Structures are given as structure tokens and as C-alpha cells.
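Have a look at the structure below, then the notes.
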Amino acid sequence: MKQVALWILAMFLFGIANTSGPVLGQTDSNLLLTNIRVLDVEKGQVSNPTNVLIAMGNIVEVGNQVTSNLDSTVVVRFDGQILMPGLMDLHSHLLLHPYNEASWNDQVLKESLELRTIRGTIHAKKTLDAGFTTIRELGTEGAGFADVALRDAINLGMIPGPRVLAATKALVTSGGYGPSGFDPRFSLPKGAQQADGIGEVRRATREQIAAGADWIKVYADYRRRTGDGSTPTFSLEELKAIVDEAKSAGLKVSAHATTNEGIQRAVSAGVATIEHGYQASIESLKMMRDKEVVLCPTLTASESMAVYAGWKPGDPDDPRITLAKQLMKNVAESGVTVACGSDVGVFSHGTNSRELELMFAYGMPIAEVIRSATTTAARVIGMEDQLGLVNPGFVADLIVVESNPLTDLATLRSPLMVIQAGKIMIDRRK
């Protein structure tokens with residue numbers, strides 16, 4: 001009783017508002033989360049119940065004795081649920097929607113930029129609602145610089161959504177991307193920016209940076225004609241020029257690469273991440289490991305494309321799934337670093353955590369899976385001192401889940417609470 005009395009007295013002295021239902025998105029209150037367990041994703045451990053103080057959008061203090069003497073502090077009491085860093089997806093397409101709703105060709109050629117951008121705002125909210133507080137948006141697929149507009153609208157507080165790192169149009173060679181398969185007499189809009197030769201790729205990279213790109217994406221390989229397999233596109237010299245131009249502006253490069261040769265060229269050129277990497281040999285993955293190039297395996301995209309082709313769980317593995325499983329076996333043998341990158345947009349926004357479940361199902365240790373979407377992802381985007389941990393001084397991008405994700409990844413599908421920069425954006429507690 002004495003402790004209760006002291007706590008009530010403290011609330012009156014320090015101006016703490018006692019509430020179990022704080023106002024969503026409020027900007028003028030600090031938060032004190034009490035009786036909550038904290039997941040240390042680096043150690044792979046969950047703490048005993050503790051308190052976490054959040055002020056000015058950052059984590060201030062974590063500990064059993066933590067209270068608040070700050071004005072306008074909202075107390076949120078829990079029953080031992082788990083607090084962890086907000087999740088990150090480093091391969092997202094807010095301007096796309098699932099291919100079983102509309103083909104990629106139809107989205108690029110038939111849907112207006114306005115419609116796609118409006119739909120992108122809905123996708124952004126679904127992403128945040130799912131606990132993904134940061135994404136790397138890897139190409140607008142024919143929607144110009146709409147990702148920059150979405151990023152800026154989110155930053156201005158105009159629409160809810162995750163932190164967005166935009167890559168704008170992406171870079172492709174002539175004849176190395178779609179839409180394809182049409183009468184060659186007609187020139188159709190492309191899903192990315194075409195550039196050939198060292199001079200052109202430097203110019204295109206500069207244009208994308210000037211338009212607001214946070215990352216540069218390049219297609220190191222792709223199919224040249226409908227029905228063909230992928231082959232390398234840009235030469236090593238062209239890829240080096242893209243990386244050099246991006247580096248001059250303080251940016252990094254991500255490479256779509258599925259073929260072994262495309263991967264090796266991109267890694268030799270100095271890219272920071274390889275997207276997909278399905279045909280990577282163990283030697284290529286070890287090359288990535290040695291050069292500290294990170295893999296985003298986009299396993300959910302492979303599964304989704306298999307489903308769209310008629311595959312069902314329980315059937316013999318579709319070739320796409322067989323390839324993805326082999327990739328993850330090679331990953332384990334090679335020691336290459338993996339970050340969460342799902343290619344969401346190929347499948348439904350808001351279901352990003354499926355990527356984590358597939359990583360685990362295909363053999364990746366569960367603690368590494370969780371780090372792939374937290375600390376590992378933070379290092380990739382150069383924000384390892386701001387995001388990915390529940391530590392004092394870090395940005396308060398956090399989620400609360402019902403059970404321990406180290407033993408139950410499914411708990412990540414629908415977080416109880418999503419906190420973005422110290423603001424409660426989603427509260428699903430009963």
C-alpha cells in the first residue's frame with residue numbers, strides 16, 4: 001500500500017497523465033511504458049518487466065526504477081508484453097500491388113500516376129500498421145519520383161507511414177527491362193530509367209540524386225526478351241561508374257541481381273546490397289561476405305509468384321521455392337550477412353513479416369532472422385546508432401507484441417502497439 005501511495009503522489013507532483021488509451025499520433029506528450037519486457041535483439045534475450053521512458057521522440061531511460069519528472073507524460077501500463085525495435089523491410093514497392101490483382105505490365109501501362117500514388121498512401125499506412133517503421137523503397141516501377149513524394153508527405157506528417165528511403169526510378173539498360181513483348185515498332189513507357197555507357201549512367205544517377213534519391217538501384221541483370229532467362233546487363237565499367245557517382249553524393253547502391261555473373265559484377269563494382277541473389281553460388285556469397293555486401297533474399301516474392309502460378313502449400317515445391325531454399329542453405333554455408341528485404345508489392349502490403357517466417361522456415365536461426373529486420377537492417381542504411389535497439393539515445397521506433405518472437409515469429413504479424421518517433425500510431429490492446 002505504501003508503494004501505491006508513493007506512486008499516486010508522484011503522478012500528481014510530476015504531472016503524469018494516467019491512461020490506458022493514449023491519443024494516437026499525439027505530438028505533445030512523452031511516454032512512460034511500465035511493466036513491459038524488453039527484447040534485446042543482439043543478445044537474443046527478453047528482460048524481466050521494466051519501465052521505458054520516451055521523450056522528444058527518443059528513448060531516454062530503461063530500468064525498473066525509471067519514472068518521469070517531465071511535464072505531459074502519458075503512462076501506458078502493460079501486463080508483461082514485449083517491447084522491441086520497430087521492424088525494417090529493405091526491399092519495398094509502395095507503388096505496386098499484388099500481381100494477382102493486376103499484372104506488372106498493366107500497373108505500369110494502364111494505371112495513372114495519380115491512382116498509383118493514392119494507392120501508395122494506403123500501402124504506407126498498412127506497412128506502419130504491421131510494425132514496419134522503416135523501409136527502403138527500391139524503385140517506383142514506372143511511377144517516376146512518386147516515392148520521394150510519399151517520403152516527404154510522411155515526414156511532414158501529412159499521411160501515416162514508415163520512414164522511407166527512396167530509390168526513385170532505378171537504372172536499367174536499353175532492352176533490359178519491361179514492359180516487353182510488344183510490337184517493337186512502338187515505344188512504350190518503361191518501368192525504370194534507361195541508360196547506356198559510362199556517360200549516360202553517370203548522368204542518370206545524377207538526375208535521380210537531384211530528384212531526391214536516398215539510394216540508387218541498378219538492375220545488374222534481367223531478361224532481354226519475354227520468355228528468356230536473365231542475363232547480365234550493365235558492364236563492370238558501367239556499374240563502377242554508377243557506384244562512383246553515388247559515392248560522390250554520399251549514397252550507396254543496391255543491385256537487383258539473380259544470376260551468378262550479375263552478382264559478381266555488382267559486388268566487384270562496390271554495391272552495398274544484392275537483391276534476390278537466387279542463383280548465387282557459394283563462391284559468390286563468400287565474395288559478398290568478404291566485401292561486406294549484404295543479401296536481401298526476397299523469399300516471399302518467390303513464394304508469391306509460385307502461388308500465382310498455381311502452387312499451393314503442401315504441393316511439391318515449385319522451382320522458385322526450391323531455388324530459394326537452396327539459396328538459404330548456401331547462405332548458411334557461406335556466412336554472408338542477410339537483411340530483411342521482401343519485395344512487398346509483389347504481394348500484399350502489411351504482410352511483410354512473412355519474409356521473416358520464410359527465413360526461419362528455410363533454416364536461418366530465429367535470432368538472426370529478427371536481427372535481419374532490426375540491427376542488421378539499421379547497419380545497412382547507416383542508422384545503427386539510431387535504430388534497431390531499445391537503448392537510451394535511440395529513436396523511439398518501437399513495437400509491442402503479445403509473445404516472445406524468439407519462440408513465436410507469428411506474434412509479429414499484428415503488433416499490439418506501434419510507436420513511431422515516440423508517437424503511438426497503432427494501439428490494438430483490448
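We label chains A, B, ... in the order they appear in the C-alpha cells, count residues from 1 in each chain, and number ligands from 1 in the order shown.
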
Distance query Glu114 in chain A at most 12 Å, only C-alpha atoms, self and fewer than 3 positions along chain excluded, as a tab-separated table (two decimals) with N, CA and C atoms, in the first residue's frame:
chain	number	residue	atom	x	y	z
A	95	LEU	N	4.44	1.54	-54.63
A	95	LEU	CA	3.66	1.91	-55.82
A	95	LEU	C	3.15	0.70	-56.58
A	110	LYS	N	-1.32	0.97	-67.60
A	110	LYS	CA	-2.73	1.32	-67.58
A	110	LYS	C	-3.17	2.13	-66.36
A	111	GLU	N	-2.42	2.04	-65.27
A	111	GLU	CA	-2.82	2.77	-64.07
A	111	GLU	C	-2.16	4.14	-64.05
A	117	THR	N	-0.18	6.65	-56.85
A	117	THR	CA	0.31	7.38	-55.69
A	117	THR	C	-0.70	7.35	-54.55
A	118	ILE	N	-1.97	7.52	-54.88
A	118	ILE	CA	-3.00	7.43	-53.84
A	118	ILE	C	-3.00	6.04	-53.21
A	119	ARG	N	-2.89	5.01	-54.05
A	119	ARG	CA	-2.82	3.66	-53.52
A	119	ARG	C	-1.57	3.50	-52.64
A	120	GLY	N	-0.48	4.16	-53.03
A	120	GLY	CA	0.74	4.10	-52.25
A	120	GLY	C	0.57	4.65	-50.84
A	121	THR	N	-0.27	5.65	-50.67
A	121	THR	CA	-0.52	6.17	-49.32
A	121	THR	C	-1.20	5.13	-48.45
A	143	ALA	N	6.48	4.80	-61.95
A	143	ALA	CA	5.75	5.89	-61.30
A	143	ALA	C	6.65	7.07	-60.98
A	144	GLY	N	7.69	7.25	-61.76
A	144	GLY	CA	8.53	8.44	-61.65
A	144	GLY	C	9.17	8.60	-60.29
A	145	PHE	N	8.96	9.78	-59.69
A	145	PHE	CA	9.55	10.09	-58.40
A	145	PHE	C	8.48	10.10	-57.30
A	146	ALA	N	7.46	9.29	-57.47
A	146	ALA	CA	6.35	9.27	-56.51
A	146	ALA	C	6.80	8.81	-55.13
A	149	ALA	N	7.77	11.77	-53.15
A	149	ALA	CA	6.59	12.48	-52.67
A	149	ALA	C	5.98	11.79	-51.46
A	150	LEU	N	5.90	10.46	-51.49
A	150	LEU	CA	5.37	9.72	-50.35
A	150	LEU	C	6.27	9.90	-49.13

For range 290-312 of chain A versus range 246-257 of chain A, which residues have an atom no more than 10 Å away, and what is each residue's nearest atom pair and distance in Å rounded to one decimal, using only C-alpha atoms, chain-then-number order, as a Markdown table?
| residue | atom | partner | partner_atom | distance |
| --- | --- | --- | --- | --- |
| A:Val293 | CA | A:Ser254 | CA | 9.7 |
| A:Val294 | CA | A:Ser254 | CA | 9.5 |
| A:Leu295 | CA | A:Ser254 | CA | 9.8 |
| A:Cys296 | CA | A:His256 | CA | 9.6 |

Saved selection, atoms kept: C-alpha atoms, as a PDB file, in the first residue's frame:
ATOM      1  CA  VAL A 293      27.904  -6.860 -49.219  1.00  0.00           C
ATOM      2  CA  VAL A 294      24.518  -7.727 -47.702  1.00  0.00           C
ATOM      3  CA  LEU A 295      21.903 -10.003 -49.265  1.00  0.00           C
ATOM      4  CA  CYS A 296      18.170  -9.216 -49.308  1.00  0.00           C
TER       5      CYS A 296
END

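Put simply, CA of Ala124 in chain A is 29.2 Å away from CA of Gly44 in chain A.
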
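Around range 234-237 of chain A, within 9 Å and counting only C-alpha atoms, the residues found are Val172, Thr173, Asp196, Gly197, Ile198, Val218, Tyr219, Ala220, Asp221, Ala241, Ile242, Gly262, Arg265, Ala266, Ser268 and Ala269 of chain A, once anything fewer than 4 positions away on its own chain is removed.
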
So that I have them on file, write out the residues from the current selection with C-alpha atoms, as a PDB file, in the first residue's frame.
ATOM      1  CA  VAL A 172      18.334  -0.327 -66.491  1.00  0.00           C
ATOM      2  CA  THR A 173      19.980  -0.826 -69.883  1.00  0.00           C
ATOM      3  CA  ASP A 196      23.816   3.018 -71.600  1.00  0.00           C
ATOM      4  CA  GLY A 197      27.526   3.698 -71.420  1.00  0.00           C
ATOM      5  CA  ILE A 198      29.553   5.383 -68.701  1.00  0.00           C
ATOM      6  CA  VAL A 218      20.577  -0.743 -60.595  1.00  0.00           C
ATOM      7  CA  TYR A 219      19.489  -3.848 -62.468  1.00  0.00           C
ATOM      8  CA  ALA A 220      22.731  -5.805 -62.875  1.00  0.00           C
ATOM      9  CA  ASP A 221      20.851  -8.473 -64.814  1.00  0.00           C
ATOM     10  CA  ALA A 241      30.610   4.429 -62.728  1.00  0.00           C
ATOM     11  CA  ILE A 242      27.184   4.238 -61.065  1.00  0.00           C
ATOM     12  CA  GLY A 262      25.400 -10.372 -62.463  1.00  0.00           C
ATOM     13  CA  ARG A 265      29.898  -7.878 -61.417  1.00  0.00           C
ATOM     14  CA  ALA A 266      27.800  -5.896 -58.956  1.00  0.00           C
ATOM     15  CA  SER A 268      33.130  -6.183 -57.831  1.00  0.00           C
ATOM     16  CA  ALA A 269      31.737  -2.742 -58.659  1.00  0.00           C
TER      17      ALA A 269
END

Excluding Leu109 in chain A and any residue of its chain fewer than 4 positions from it, enumerate the residues within 10 Å of it, using only C-alpha atoms, and give them as a ChimeraX atom specification.
-> /A:103-105,113,142,179,188-191

What residues in range 216-340 of chain A get the DSSP label helix (DSSP H, G or I)? Please answer as an NGL selection string.
-> :A and (236-248 or 260-269 or 282-290 or 299-308 or 319-334)

Skip Ser180 in chain A itself and residues of its chain fewer than 2 positions away, then list as a list of chain:residue names all residues within 12 Å of it, counting only C-alpha atoms.
-> A:Trp104, A:Asn105, A:Asp106, A:Val108, A:Leu109, A:Ser174, A:Gly175, A:Gly176, A:Tyr177, A:Gly178, A:Phe182, A:Asp183, A:Pro184, A:Phe186, A:Ser187, A:Leu188, A:Pro189, A:Lys190, A:Gly191, A:Tyr222, A:Arg223, A:Arg224, A:Arg225, A:Thr226, A:Gly227, A:Asp228

Which is closest to Trp215 in chain A among A:Ala306, A:Gly382, A:Ala55, A:Ala361, if we use only C-alpha atoms?
-> A:Gly382

Please provide the set of residues having any atom within 8 Å of Val267 in chain A, restricted to only C-alpha atoms, with same-chain residues fewer than 4 positions apart removed, written as a count of residues only.
-> 8

Which residues of range 15-130 of chain A come within 12 Å of range 395-405 of chain A, and for each one, what is the closest pair of atoms and their distance in Å to one decimal, counting only C-alpha atoms, sorted by chain and residue number, as JSON lines?
{"residue": "A:Asn30", "atom": "CA", "partner": "A:Ala396", "partner_atom": "CA", "distance": 10.9}
{"residue": "A:Leu31", "atom": "CA", "partner": "A:Ala396", "partner_atom": "CA", "distance": 10.1}
{"residue": "A:Leu32", "atom": "CA", "partner": "A:Ala396", "partner_atom": "CA", "distance": 11.8}
{"residue": "A:Leu33", "atom": "CA", "partner": "A:Val400", "partner_atom": "CA", "distance": 10.4}
{"residue": "A:Ile36", "atom": "CA", "partner": "A:Val400", "partner_atom": "CA", "distance": 8.8}
{"residue": "A:Arg37", "atom": "CA", "partner": "A:Val400", "partner_atom": "CA", "distance": 9.4}
{"residue": "A:Val38", "atom": "CA", "partner": "A:Val400", "partner_atom": "CA", "distance": 9.2}
{"residue": "A:Leu39", "atom": "CA", "partner": "A:Asn404", "partner_atom": "CA", "distance": 8.1}
{"residue": "A:Asp40", "atom": "CA", "partner": "A:Asn404", "partner_atom": "CA", "distance": 11.2}
{"residue": "A:Val41", "atom": "CA", "partner": "A:Pro405", "partner_atom": "CA", "distance": 10.1}
{"residue": "A:Gly44", "atom": "CA", "partner": "A:Pro405", "partner_atom": "CA", "distance": 9.9}
{"residue": "A:Gln45", "atom": "CA", "partner": "A:Asn404", "partner_atom": "CA", "distance": 9.4}
{"residue": "A:Val46", "atom": "CA", "partner": "A:Asn404", "partner_atom": "CA", "distance": 7.7}
{"residue": "A:Ser47", "atom": "CA", "partner": "A:Asn404", "partner_atom": "CA", "distance": 10.8}
{"residue": "A:Val52", "atom": "CA", "partner": "A:Ala396", "partner_atom": "CA", "distance": 10.2}
{"residue": "A:Leu53", "atom": "CA", "partner": "A:Ala396", "partner_atom": "CA", "distance": 9.7}
{"residue": "A:Ile54", "atom": "CA", "partner": "A:Ala396", "partner_atom": "CA", "distance": 6.9}
{"residue": "A:Ala55", "atom": "CA", "partner": "A:Ala396", "partner_atom": "CA", "distance": 8.6}
{"residue": "A:Met56", "atom": "CA", "partner": "A:Ala396", "partner_atom": "CA", "distance": 9.0}
{"residue": "A:Gly57", "atom": "CA", "partner": "A:Ala396", "partner_atom": "CA", "distance": 5.6}
{"residue": "A:Asn58", "atom": "CA", "partner": "A:Val395", "partner_atom": "CA", "distance": 4.4}
{"residue": "A:Ile59", "atom": "CA", "partner": "A:Ala396", "partner_atom": "CA", "distance": 5.4}
{"residue": "A:Val60", "atom": "CA", "partner": "A:Ala396", "partner_atom": "CA", "distance": 9.1}
{"residue": "A:Glu61", "atom": "CA", "partner": "A:Ala396", "partner_atom": "CA", "distance": 11.1}
{"residue": "A:Val62", "atom": "CA", "partner": "A:Ala396", "partner_atom": "CA", "distance": 12.0}
{"residue": "A:Val76", "atom": "CA", "partner": "A:Val400", "partner_atom": "CA", "distance": 11.6}
{"residue": "A:Arg77", "atom": "CA", "partner": "A:Val400", "partner_atom": "CA", "distance": 11.8}
{"residue": "A:Phe78", "atom": "CA", "partner": "A:Val400", "partner_atom": "CA", "distance": 9.6}
{"residue": "A:Asp79", "atom": "CA", "partner": "A:Glu402", "partner_atom": "CA", "distance": 9.5}
{"residue": "A:Gly80", "atom": "CA", "partner": "A:Glu402", "partner_atom": "CA", "distance": 8.6}
{"residue": "A:Gln81", "atom": "CA", "partner": "A:Glu402", "partner_atom": "CA", "distance": 5.3}
{"residue": "A:Ile82", "atom": "CA", "partner": "A:Val401", "partner_atom": "CA", "distance": 5.3}
{"residue": "A:Leu83", "atom": "CA", "partner": "A:Val400", "partner_atom": "CA", "distance": 4.5}
{"residue": "A:Met84", "atom": "CA", "partner": "A:Ile399", "partner_atom": "CA", "distance": 5.6}
{"residue": "A:Pro85", "atom": "CA", "partner": "A:Leu398", "partner_atom": "CA", "distance": 4.5}
{"residue": "A:Gly86", "atom": "CA", "partner": "A:Leu398", "partner_atom": "CA", "distance": 4.3}
{"residue": "A:Leu87", "atom": "CA", "partner": "A:Leu398", "partner_atom": "CA", "distance": 8.0}
{"residue": "A:Met88", "atom": "CA", "partner": "A:Asp397", "partner_atom": "CA", "distance": 10.3}
{"residue": "A:Leu128", "atom": "CA", "partner": "A:Ile399", "partner_atom": "CA", "distance": 10.2}
{"residue": "A:Asp129", "atom": "CA", "partner": "A:Ile399", "partner_atom": "CA", "distance": 10.0}
{"residue": "A:Ala130", "atom": "CA", "partner": "A:Ile399", "partner_atom": "CA", "distance": 9.4}

Store the residues picked out above, limited to N, CA and C atoms, as a compact mmCIF listing (two decimals), in the first residue's frame.
# COMPACT_ATOMS: atom_id res chain seq x y z
N ASN A 30 5.14 13.02 -23.66
CA ASN A 30 6.16 11.99 -23.51
C ASN A 30 5.46 10.71 -23.06
N LEU A 31 6.17 9.60 -23.13
CA LEU A 31 5.59 8.31 -22.78
C LEU A 31 6.42 7.62 -21.70
N LEU A 32 5.74 7.02 -20.76
CA LEU A 32 6.37 6.14 -19.80
C LEU A 32 5.68 4.79 -19.91
N LEU A 33 6.39 3.81 -20.44
CA LEU A 33 5.87 2.45 -20.59
C LEU A 33 6.29 1.67 -19.36
N ILE A 36 6.80 -3.68 -18.68
CA ILE A 36 6.94 -4.26 -20.02
C ILE A 36 8.31 -4.93 -20.12
N ARG A 37 8.34 -6.07 -20.79
CA ARG A 37 9.61 -6.77 -21.01
C ARG A 37 10.24 -6.29 -22.31
N VAL A 38 11.56 -6.17 -22.31
CA VAL A 38 12.28 -5.62 -23.46
C VAL A 38 13.09 -6.72 -24.13
N LEU A 39 12.95 -6.82 -25.45
CA LEU A 39 13.74 -7.77 -26.23
C LEU A 39 15.05 -7.13 -26.65
N ASP A 40 16.15 -7.70 -26.20
CA ASP A 40 17.48 -7.31 -26.66
C ASP A 40 17.80 -8.16 -27.88
N VAL A 41 17.67 -7.59 -29.07
CA VAL A 41 17.80 -8.40 -30.28
C VAL A 41 19.23 -8.84 -30.52
N GLY A 44 19.63 -11.70 -27.97
CA GLY A 44 18.60 -12.72 -28.09
C GLY A 44 17.98 -13.07 -26.76
N GLN A 45 17.71 -12.02 -25.95
CA GLN A 45 17.16 -12.23 -24.61
C GLN A 45 16.02 -11.26 -24.35
N VAL A 46 15.09 -11.70 -23.50
CA VAL A 46 13.99 -10.85 -23.08
C VAL A 46 14.16 -10.54 -21.60
N SER A 47 14.04 -9.28 -21.23
CA SER A 47 14.25 -8.85 -19.85
C SER A 47 13.05 -9.19 -18.97
N VAL A 52 10.20 2.00 -19.44
CA VAL A 52 10.91 2.68 -20.52
C VAL A 52 10.35 4.09 -20.65
N LEU A 53 11.23 5.08 -20.56
CA LEU A 53 10.82 6.48 -20.68
C LEU A 53 11.20 6.99 -22.06
N ILE A 54 10.23 7.62 -22.74
CA ILE A 54 10.41 8.17 -24.09
C ILE A 54 10.09 9.66 -24.05
N ALA A 55 10.99 10.48 -24.57
CA ALA A 55 10.75 11.92 -24.61
C ALA A 55 11.34 12.50 -25.89
N MET A 56 10.64 13.46 -26.46
CA MET A 56 11.10 14.14 -27.68
C MET A 56 11.43 13.15 -28.79
N GLY A 57 10.66 12.05 -28.82
CA GLY A 57 10.83 11.08 -29.89
C GLY A 57 11.93 10.07 -29.69
N ASN A 58 12.67 10.17 -28.59
CA ASN A 58 13.80 9.27 -28.33
C ASN A 58 13.61 8.49 -27.04
N ILE A 59 14.29 7.36 -26.95
CA ILE A 59 14.31 6.58 -25.71
C ILE A 59 15.26 7.29 -24.75
N VAL A 60 14.77 7.61 -23.56
CA VAL A 60 15.58 8.35 -22.59
C VAL A 60 16.23 7.41 -21.58
N GLU A 61 15.45 6.46 -21.08
CA GLU A 61 15.95 5.62 -19.99
C GLU A 61 15.18 4.31 -19.96
N VAL A 62 15.87 3.25 -19.58
CA VAL A 62 15.26 1.92 -19.43
C VAL A 62 15.69 1.37 -18.08
N VAL A 76 1.67 4.40 -19.86
CA VAL A 76 1.00 3.28 -20.51
C VAL A 76 1.43 2.01 -19.78
N ARG A 77 0.49 1.36 -19.12
CA ARG A 77 0.80 0.18 -18.32
C ARG A 77 0.54 -1.09 -19.13
N PHE A 78 1.45 -2.02 -19.00
CA PHE A 78 1.34 -3.30 -19.69
C PHE A 78 1.27 -4.44 -18.69
N ASP A 79 1.02 -5.63 -19.21
CA ASP A 79 0.94 -6.83 -18.37
C ASP A 79 2.05 -7.80 -18.73
N GLY A 80 3.25 -7.26 -18.94
CA GLY A 80 4.39 -8.12 -19.25
C GLY A 80 4.55 -8.42 -20.73
N GLN A 81 3.85 -7.67 -21.59
CA GLN A 81 4.07 -7.84 -23.03
C GLN A 81 5.48 -7.42 -23.39
N ILE A 82 5.85 -7.62 -24.64
CA ILE A 82 7.25 -7.45 -25.05
C ILE A 82 7.41 -6.24 -25.96
N LEU A 83 8.37 -5.40 -25.59
CA LEU A 83 8.75 -4.23 -26.38
C LEU A 83 10.00 -4.56 -27.17
N MET A 84 10.00 -4.20 -28.46
CA MET A 84 11.16 -4.46 -29.30
C MET A 84 11.29 -3.35 -30.34
N PRO A 85 12.41 -3.30 -31.04
CA PRO A 85 12.57 -2.26 -32.06
C PRO A 85 11.54 -2.42 -33.18
N GLY A 86 11.16 -1.31 -33.78
CA GLY A 86 10.34 -1.37 -34.98
C GLY A 86 11.07 -2.14 -36.07
N LEU A 87 10.31 -2.81 -36.92
CA LEU A 87 10.90 -3.66 -37.95
C LEU A 87 11.23 -2.84 -39.20
N MET A 88 12.13 -3.37 -40.01
CA MET A 88 12.55 -2.72 -41.25
C MET A 88 12.49 -3.70 -42.41
N LEU A 128 3.06 0.58 -41.86
CA LEU A 128 3.27 1.04 -40.49
C LEU A 128 2.40 0.26 -39.52
N ASP A 129 1.16 0.02 -39.88
CA ASP A 129 0.26 -0.75 -39.01
C ASP A 129 0.82 -2.13 -38.70
N ALA A 130 1.60 -2.68 -39.63
CA ALA A 130 2.17 -4.02 -39.45
C ALA A 130 3.46 -4.00 -38.64
